[in-house]
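Colleague: Shown below is the structure under consideration.
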Number of protein chains: 2
Amino acid sequence: MARRGGRPTIIDVARRAGVSFKTVSRVLNNNPHVGQELRERVRQAAADLDYRANVAARTLAGPRTYTFALLIAIRMVDLASEDDWYLPAFLSDLQFAAMLACQKAGYRLTIEICDVSAGALPPRLPAGIAASDIDGIIVAPPLCDHIEMVEALDRSGIPYVLIAPGLDSETAPSVATDEYGGAAAMTRHLLALGHRRIGFISGPDGHRAATARLKACRDVLAAFDETLAPLVEGGAFNVASGLRAADALLRLAEPPTAIFCANDDMAAGAIAAAMQRGIRVPEQLSIAGFDDSAIAHITSPALTTVRQSFGAMATAAVKLLAAADKAAPAAHIILPYKVIERGSTARWSA
Amino acid sequence: MARRGGRPTIIDVARRAGVSFKTVSRVLNNNPHVGQELRERVRQAAADLDYRANVAARTLAGPRTYTFALLIAIRMVDLASEDDWYLPAFLSDLQFAAMLACQKAGYRLTIEICDVSAGALPPRLPAGIAASDIDGIIVAPPLCDHIEMVEALDRSGIPYVLIAPGLDSETAPSVATDEYGGAAAMTRHLLALGHRRIGFISGPDGHRAATARLKACRDVLAAFDETLAPLVEGGAFNVASGLRAADALLRLAEPPTAIFCANDDMAAGAIAAAMQRGIRVPEQLSIAGFDDSAIAHITSPALTTVRQSFGAMATAAVKLLAAADKAAPAAHIILPYKVIERGSTARWSA
DNA sequence: CCCGTCACTGACAACGTTGTCTTTGATGGT
DNA sequence: ACCATCAAAGACAACGTTGTCAGTGACGGG
């Protein structure tokens with residue numbers, strides 16, 4: 001039987017350091033009951049041999065699995081079908097960043113897919129997690145807003161972190177972006193460019209982030225000038241609804257000089273609407289988005305938008321999980337936004 | 001020490017079936033030296049207990065790791081930077097499909113990232129794979145065209161499969177789409193719609209797929225009518241170059257009535273170019289793409305394109321790797337294309 | 001009727017690590 | 001000086017599976 005690699009084991013390290021292999025194990029696991037000098041010697045020996053612990057053996061022997069799961073919702077019917085479907089772009093960011101952070105922290109990452117096709121909320125955790133060979137779970141939106149799912153997570157006893165949750169839960173640890181601050185900053189940006197008649201294409205009702213973004217826009221305009229308010233048109237977070245809503249705004253007797261869309265997809269729709277009417281962006285109309293998703297690079301001109309870094313959120317989530325031992329009571333991390341200025345906004349002088 | 005789950009082990013199954021646990025192991029591994037009746041009894045017992053093998057133990061004891069790697073290239077500088085970057089959309093498809101296929105086949109999938117920032121070709125496999133706890137490797141484009149990488153793969157002795165390779169290698173197993181057939185079908189589609197003056201925005205020189213697509217277009221037009229040929233304009237597979245090339249085509253004294261772009265990103269650029277000139281798509285100009293990437297859903301109108309299913313390729317690749325034992329000599333799988341008709345093409349009557 | 005051969009099954013030792021218990025010294029209070 | 005206490009380090013048995021080798025009984029050729 002061809003053993004793979006011939007990688008050095010804990011025993012090789014022990015021999016080189018002149019201690020028992022158990023002591024090496026203790027050093028590797030930061031067990032306090034090891035003298036300073038020995039600790040150094042063992043560390044050095046491990047480094048010399050380029051020793052890397054065998055995850056399979058660790059998992060088998062100990063209670064930990066050194067594996068985190070990224071829990072995402074996918075409509076399985078879509079996945080299975082030959083027809084159109086595509087994954088939200090933010091998942092890609094989230095996932096690659098989580099993968100990288102896990103690698104750095106010495107963990108593995110598995111993707112667990114939760115089927116939400118039926119429309120019914122998933123009553124229980126997916127099999128892979130229920131089997132519980134998992135040390136921690138990162139819950140991606142929109143799954144983190146399924147109350148039953150979060151309750152199931154609580155019952156499971158496995159540490160978890162919600163990414164950009166729509167609901168504010170005191171108990172569940174979460175990582176999110178400062179939505180309000182970002183939308184406020186973008187509104188100030190538009191004001192600074194000289195815009196006063198500002199349209200806002202909002203997101204679906206009841207969506208926490210969408211609500212926060214609209215409120216920020218309202219607040220900033222009112223704070224700047226009590227008589228100012230956005231021209232709000234309803235959208236549904238997709239390209240088509242953005243096109244429709246922008247069209248409605250541009251049909252007004254006094255159309256806005258800038259449109260702030262509650263997400264990038266709708267902003268892409270708004271750009272298309274402007275083009276169809278022969279309105280030049282950004283010269284005749286400024287358009288701003290929110291999220292800095294992949295589509296923001298693709299539109300022409302490229303979108304000015306607010307970056308919400310799912311990559312950074314994933315990284316933070318992994319760190320949180322890796323430190324889960326230290327029983328931090330339901331951390332809520334708020335990550336900074338960043339206004340990204342591209343070609344779709346410009347100065348307005350009436 | 002809190003043991004996880006209390007999942008049934010091979011020993012529980014053995015007890016229930018009234019055999020030694022080694023026999024259960026044999027049944028599970030399809031070892032031929034087990035009688036038919038026993039085999040059934042063991043299978044039944046395993047099913048009754050909902051037994052699932054412990055991967056860590058398997059990995060530790062045997063030579064296999066039950067893990068495949070998806071090897072992708074990322075510019076780490078981009079990943080690290082706060083500035084613009086985004087992952088090619090096909091990676092997302094590739095990866096989720098591979099994940100699903102692996103789950104089904106009882107394997108894990110790890111993503112191995114190959115840094116190609118330096119511009120220098122990666123001379124050796126990434127550490128994770130070199131450590132060789134990997135049973136098989138799926139090599140995503142464009143990495144599969146790095147000759148040195150493929151050679152390193154060969155030396156490693158680990159089975160691998162190239163996804164949509166740009167070079168035709170006899171020796172390396174690969175999964176690809178019928179590029180020529182797809183481009184030919186799209187060209188026939190445009191002919192059938194009544195178009196005769198057809199523009200073609202090509203891809204970068206030396207790119208095998210791009211070359212095949214152009215050749216197919218040429219061949220089909222010539223076969224239909226010896227005097228017919230596409231108006232070719234060079235592109236670079238991105239939105240900006242598509243916009244530029246389409247603009248050049250539309251400036252011609254006799255502009256094309258349809259433009260076939262060698263990929264979707266350039267087609268999106270072409271749509272933007274048409275809009276800027278006030279040309280309505282598809283009424284005044286038909287535009288077709290290739291790949292059916294995420295951007296094809298986002299443009300307005302949505303793109304008519306040729307689907308190249310990276311999901312299907314990933315699934316095929318996993319199956320190939322899972323069957324790698326059976327020493328298939330360098331399989332080359334060609335997957336079917338599919339013309340997806342959306343809103344960007346229409347009938348032309350001069 | 002005996003013995004070699006074959007198909008099948010079981011006993012047992014890995015695999016590399018962690019958990020638990022034991023051993024060894026040193027420390028300090030009385 | 002003596003025993004309780006504690007830090008430090010080792011011995012050894014898990015963990016759940018696969019690889020190896022040694023049975024066991026049936027079968028067929030001489």
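Ordering of the structure tokens sets the chain letters (A, B, ...); residue numbers start at 1 within each chain; ligands are numbered from 1 in the order shown.
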Hey, what's within 8 Å of DT18 of chain D if we count only C-alpha atoms (C1' of nucleotides) and toss same-chain stuff fewer than 2 positions away? As a PyMOL selection string, please?
Modeller: chain B and resi 25+58+61-62
Colleague: Within 7 Å of chain C, which residues of chain B show up? Give each one with its shortest atom-to-atom distance in Å (one decimal) and the two atoms involved, counting only C-alpha atoms (C1' of nucleotides), rows by chain then rising residue number, as a tab-separated table.
Modeller:
residue	atom	partner	partner_atom	distance
B:Ser20	CA	C:DG10	C1'	6.4
B:His33	CA	C:DC8	C1'	6.2
B:Val34	CA	C:DC8	C1'	6.2
B:Leu60	CA	C:DC15	C1'	5.1
B:Ala61	CA	C:DC15	C1'	4.7
Colleague: If I take atom CA of Leu321 of chain A and atom CA of Met99 of chain B, how far is one from the other in Å, to one decimal?
Modeller: 22.7 Å
Colleague: Using only C-alpha atoms (C1' of nucleotides), pick whichever of D:DA11, D:DA1, D:DG19, D:DC6 has the shortest atom-to-atom distance to chain B.
Modeller: D:DG19
Colleague: Kindly indicate which residue among B:Ala57, B:Cys144, B:Ala324, B:Val281 lies nearest to chain D, using only C-alpha atoms (C1' of nucleotides) for the distances.
Modeller: B:Ala57
Colleague: Show which residues sit within 6 Å of Asp292 of chain B, as a list in words. Count only C-alpha atoms (C1' of nucleotides), and ignore same-chain residues fewer than 3 positions away.
Modeller: Ala296, Thr305, Val306 and Arg307 of chain B
Colleague: Go through chain A and flag each residue having an atom no more than 12 Å from chain D; for those, report the closest pair of atoms plus their distance in Å to one decimal, using only C-alpha atoms (C1' of nucleotides), ordered by chain and rising number, as JSON lines.
Modeller:
{"residue": "A:Met1", "atom": "CA", "partner": "D:DG19", "partner_atom": "C1'", "distance": 7.4}
{"residue": "A:Ala2", "atom": "CA", "partner": "D:DG19", "partner_atom": "C1'", "distance": 10.8}
{"residue": "A:Arg3", "atom": "CA", "partner": "D:DG19", "partner_atom": "C1'", "distance": 11.3}
{"residue": "A:Gly18", "atom": "CA", "partner": "D:DA9", "partner_atom": "C1'", "distance": 11.8}
{"residue": "A:Val19", "atom": "CA", "partner": "D:DA9", "partner_atom": "C1'", "distance": 8.4}
{"residue": "A:Ser20", "atom": "CA", "partner": "D:DG10", "partner_atom": "C1'", "distance": 6.5}
{"residue": "A:Phe21", "atom": "CA", "partner": "D:DG10", "partner_atom": "C1'", "distance": 8.9}
{"residue": "A:Lys22", "atom": "CA", "partner": "D:DG10", "partner_atom": "C1'", "distance": 7.5}
{"residue": "A:Thr23", "atom": "CA", "partner": "D:DA9", "partner_atom": "C1'", "distance": 6.8}
{"residue": "A:Val24", "atom": "CA", "partner": "D:DA9", "partner_atom": "C1'", "distance": 10.5}
{"residue": "A:Ser25", "atom": "CA", "partner": "D:DA9", "partner_atom": "C1'", "distance": 11.7}
{"residue": "A:Arg26", "atom": "CA", "partner": "D:DA9", "partner_atom": "C1'", "distance": 10.2}
{"residue": "A:Val27", "atom": "CA", "partner": "D:DA9", "partner_atom": "C1'", "distance": 11.8}
{"residue": "A:Asn31", "atom": "CA", "partner": "D:DA8", "partner_atom": "C1'", "distance": 11.3}
{"residue": "A:Pro32", "atom": "CA", "partner": "D:DA7", "partner_atom": "C1'", "distance": 9.8}
{"residue": "A:His33", "atom": "CA", "partner": "D:DA8", "partner_atom": "C1'", "distance": 6.2}
{"residue": "A:Val34", "atom": "CA", "partner": "D:DA8", "partner_atom": "C1'", "distance": 6.2}
{"residue": "A:Gly35", "atom": "CA", "partner": "D:DA8", "partner_atom": "C1'", "distance": 7.1}
{"residue": "A:Gln36", "atom": "CA", "partner": "D:DA8", "partner_atom": "C1'", "distance": 10.8}
{"residue": "A:Glu37", "atom": "CA", "partner": "D:DA8", "partner_atom": "C1'", "distance": 11.8}
{"residue": "A:Leu38", "atom": "CA", "partner": "D:DA8", "partner_atom": "C1'", "distance": 10.2}
{"residue": "A:Arg39", "atom": "CA", "partner": "D:DA8", "partner_atom": "C1'", "distance": 11.6}
{"residue": "A:Ala56", "atom": "CA", "partner": "D:DC15", "partner_atom": "C1'", "distance": 10.6}
{"residue": "A:Ala57", "atom": "CA", "partner": "D:DC15", "partner_atom": "C1'", "distance": 8.5}
{"residue": "A:Arg58", "atom": "CA", "partner": "D:DC15", "partner_atom": "C1'", "distance": 9.4}
{"residue": "A:Thr59", "atom": "CA", "partner": "D:DC15", "partner_atom": "C1'", "distance": 8.6}
{"residue": "A:Leu60", "atom": "CA", "partner": "D:DC15", "partner_atom": "C1'", "distance": 5.1}
{"residue": "A:Ala61", "atom": "CA", "partner": "D:DC15", "partner_atom": "C1'", "distance": 4.7}
{"residue": "A:Gly62", "atom": "CA", "partner": "D:DC15", "partner_atom": "C1'", "distance": 7.6}
{"residue": "A:Pro63", "atom": "CA", "partner": "D:DC15", "partner_atom": "C1'", "distance": 9.7}
{"residue": "A:Arg64", "atom": "CA", "partner": "D:DC15", "partner_atom": "C1'", "distance": 12.0}
Colleague: Enumerate, as a VMD selection string, the complete set of residues in segment 63-262 of chain B that a backbone-based DSSP assignment places in alpha helix (DSSP H).
Modeller: chain B and resid 76 to 80 89 to 105 127 to 130 147 to 156 179 to 192 208 to 224 239 to 250
Colleague: DSSP on the backbone, strand (DSSP E or B) only: what residues of segment 277-320 of chain A does that give? Format it as a list in words.
Modeller: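 Matching residues, listed in order: Ser286, Ile287, Ala288, Asp291, Thr304, Thr305, Val306 and Arg307 of chain A.
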Colleague: Store the residues picked out above, limited to C-alpha atoms, as a compact mmCIF listing (two decimals), in the first residue's frame.
Modeller:
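Once everything was written out, this is selection_9.txt:
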# COMPACT_ATOMS: atom_id res chain seq x y z
CA SER A 286 -26.43 60.51 -12.65
CA ILE A 287 -27.15 56.99 -11.47
CA ALA A 288 -25.85 55.36 -8.30
CA ASP A 291 -23.54 46.71 -3.16
CA THR A 304 -20.86 54.54 -8.87
CA THR A 305 -21.95 52.49 -5.90
CA VAL A 306 -21.49 51.70 -2.24
CA ARG A 307 -19.25 48.78 -1.59
Colleague: Atom CA of Pro301 of chain A and atom CA of Arg277 of chain B, how far apart in Å?
Modeller: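 About the pair atom CA of Arg277 of chain B and atom CA of Pro301 of chain A: they are 14.6 Å apart.
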Colleague: For Arg218 of chain B, please output as number ranges by chain all residues within 6 Å (counting only C-alpha atoms (C1' of nucleotides); exclusion window: fewer than 3 positions along the same chain).
Modeller: B: 215, 221, 229
Colleague: List the neighbours of Val150 of chain B out to 12 Å using only C-alpha atoms (C1' of nucleotides); skip same-chain residues closer than 4 positions along the sequence, and give me the result as a ChimeraX atom specification.
Modeller: /B:71,121-125,137-146,154-162,165,167,169,171-174
Colleague: Give me the residues within 8 Å of Trp348 of chain A as a PDB file with N, CA and C atoms, in the first residue's frame, counting only C-alpha atoms (C1' of nucleotides) and dropping any in the same chain fewer than 2 places off.
Modeller:
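Saved file result-v9.pdb follows:
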ATOM      1  N   LEU A 193     -22.312  66.803  -5.518  1.00  0.00           N
ATOM      2  CA  LEU A 193     -22.161  66.976  -6.964  1.00  0.00           C
ATOM      3  C   LEU A 193     -23.120  68.029  -7.505  1.00  0.00           C
ATOM      4  N   GLY A 194     -23.998  68.507  -6.632  1.00  0.00           N
ATOM      5  CA  GLY A 194     -24.904  69.567  -7.051  1.00  0.00           C
ATOM      6  C   GLY A 194     -26.328  69.113  -7.330  1.00  0.00           C
ATOM      7  N   HIS A 195     -26.595  67.829  -7.148  1.00  0.00           N
ATOM      8  CA  HIS A 195     -27.944  67.324  -7.400  1.00  0.00           C
ATOM      9  C   HIS A 195     -28.893  67.718  -6.272  1.00  0.00           C
ATOM     10  N   THR A 257     -32.481  64.607 -11.486  1.00  0.00           N
ATOM     11  CA  THR A 257     -31.186  64.730 -12.170  1.00  0.00           C
ATOM     12  C   THR A 257     -30.249  63.603 -11.744  1.00  0.00           C
ATOM     13  N   ALA A 346     -22.027  62.311 -12.134  1.00  0.00           N
ATOM     14  CA  ALA A 346     -21.233  63.481 -12.512  1.00  0.00           C
ATOM     15  C   ALA A 346     -21.848  64.741 -11.903  1.00  0.00           C
ATOM     16  N   ALA A 350     -27.359  73.329 -12.673  1.00  0.00           N
ATOM     17  CA  ALA A 350     -28.638  73.667 -13.304  1.00  0.00           C
ATOM     18  C   ALA A 350     -28.554  75.052 -13.942  1.00  0.00           C
TER      19      ALA A 350
END
Colleague: Extract, using only C-alpha atoms (C1' of nucleotides), all DNA, RNA and protein residues at most 9 Å from Ala322 of chain B, discarding same-chain residues fewer than 5 positions from it, and format them as an NGL selection string.
Modeller: :B and (102 or 105 or 107 or 135-136 or 317)
Colleague: Please write the residues from the selection above to a file, keeping C-alpha atoms, as a PDB file, in the first residue's frame.
Modeller:
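again.pdb, written as the output of this step:
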ATOM      1  CA  CYS B 102     -18.657  15.508  -5.361  1.00  0.00           C
ATOM      2  CA  ALA B 105     -20.024  10.716  -5.410  1.00  0.00           C
ATOM      3  CA  TYR B 107     -16.129  13.035  -2.181  1.00  0.00           C
ATOM      4  CA  ASP B 135      -7.334  12.015  -4.963  1.00  0.00           C
ATOM      5  CA  GLY B 136      -7.955  14.040  -8.069  1.00  0.00           C
ATOM      6  CA  ALA B 317     -15.018  15.904 -14.633  1.00  0.00           C
TER       7      ALA B 317
END
Colleague: Could you check how far atom CA of Ser349 of chain A sits from atom CA of Ile198 of chain A, in Å to one decimal?
Modeller: 13.7 Å
